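Working notes for the structure below.
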Amino acid sequence: MGYAIAEAARARGAQVVLVTGPTALQAPKGVEVVSVATAEDMLKALSTRLAWSTMVIMAAAVADFRPIEPCSQKIKKQGRTGQMLDLERTTDILASLSAQRTTQLMVGFAAETHDLIAHAKEKLTVKGLDLIVANDVTVEGAGFGSDQNSATLIDRQGIVTELPLMPKRTLADAILNRAHELLRARQSVEPLKPVAGERS
């Protein structure tokens with residue numbers, strides 16, 4: 001979804017920075033791409049660009065844990081009957097950015113397998129977000145590894161908007177439409193350029 005949102009935002013005339021982990025996806029044209037490998041790298045890249053941004057959309061599925069003592073080479077199985085892996089929490093990127101922000105609109109994602117709305121509302125509050133995009137990852141044909149997705153949008157006022165299964169690029173426009181409505185409600189800004197087929 002991150003790449004689709006970056007493409008949709010660029011099509012509207014926005015200056016877009018796409019901070020991304022390793023992927024085989026092709027970056028949208030006209031978008032600045034910053035490649036990162038760890039959660040710490042991602043937080044640093046986003047923090048240094050936060051001050052000039054108007055909107056931050058966090059669609060990345062960042063790991064919640066990492067090995068305390070990562071190995072520089074492969075761990076061989078010979079002579080081992082078991083292996084304990086000690087983990088520690090990674091930095092909460094979304095909460096950290098939300099704490100640093102001034103006027104930026106913060107949009108987060110919640111990928112859930114059950115109690116979608118309840119978990120998404122909790123994350124919205126805990127992370128201090130303006131809008132959350134909740135995805136039920138059990139929906140067939142949606143989400144990871146698919147060109148389609150469905151979502152439920154929830155804002156701070158508790159307004160819930162259900163978006164059915166659709167191409168990710170179309171869903172990206174729907175997410176941006178709602179995010180920009182919230183932004184205009186808070187700030188006096190010029191409307192984004194409409195994409196083809198969208199009424200201004």
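How things are named: the first chain in the structure tokens is A, the next is B, and so on; residues count from 1 in each chain; ligands count from 1 in the order shown.
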Shell of 12 Å around A:Gly2, only C-alpha atoms, local chain residues under 6 positions omitted, as a VMD selection string: chain A and resid 8 to 9 16 to 21 23 25 to 28 33 56 to 61 107 to 109 133 143 to 144 168 to 169 171 to 173 175 to 176
Stretch 99-105 of chain A surroundings by only C-alpha atoms, 8 Å radius, close-in-sequence under 4 positions cut, as a PyMOL selection string: chain A and resi 50-51+53-56+95+128-130+179+183
From A:Ile68, A:Val126, A:Leu94, A:Met166, residue lying nearest A:Asp147 [only C-alpha atoms]: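 Under the stated criterion, the closest residue is A:Met166.
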Between A:Arg10, A:Lys77, A:Glu112, A:Met1, which is the closest to A:Val137 once you count only C-alpha atoms?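 Result for the nearest residue to A:Val137: A:Glu112.
Summary of the local environment: counting only C-alpha atoms, residues at most 6 Å from stretch 85-92 of chain A, other than itself and those fewer than 4 positions away along its chain, are Asp64, Phe65, Arg66, Pro67 and Ile68 of chain A.
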Pull the alpha helix (DSSP H) assignments for stretch 7-198 of chain A out of DSSP run on the backbone, and list those residues as number ranges by chain. A: 7-11, 39-47, 93-100, 116-126, 168-186
DSSP says strand (DSSP E) for which residues of stretch 5-135 of chain A? Put them as number ranges by chain? A: 17-20, 32-35, 55-58, 65-67, 87-89, 105-112, 131-135
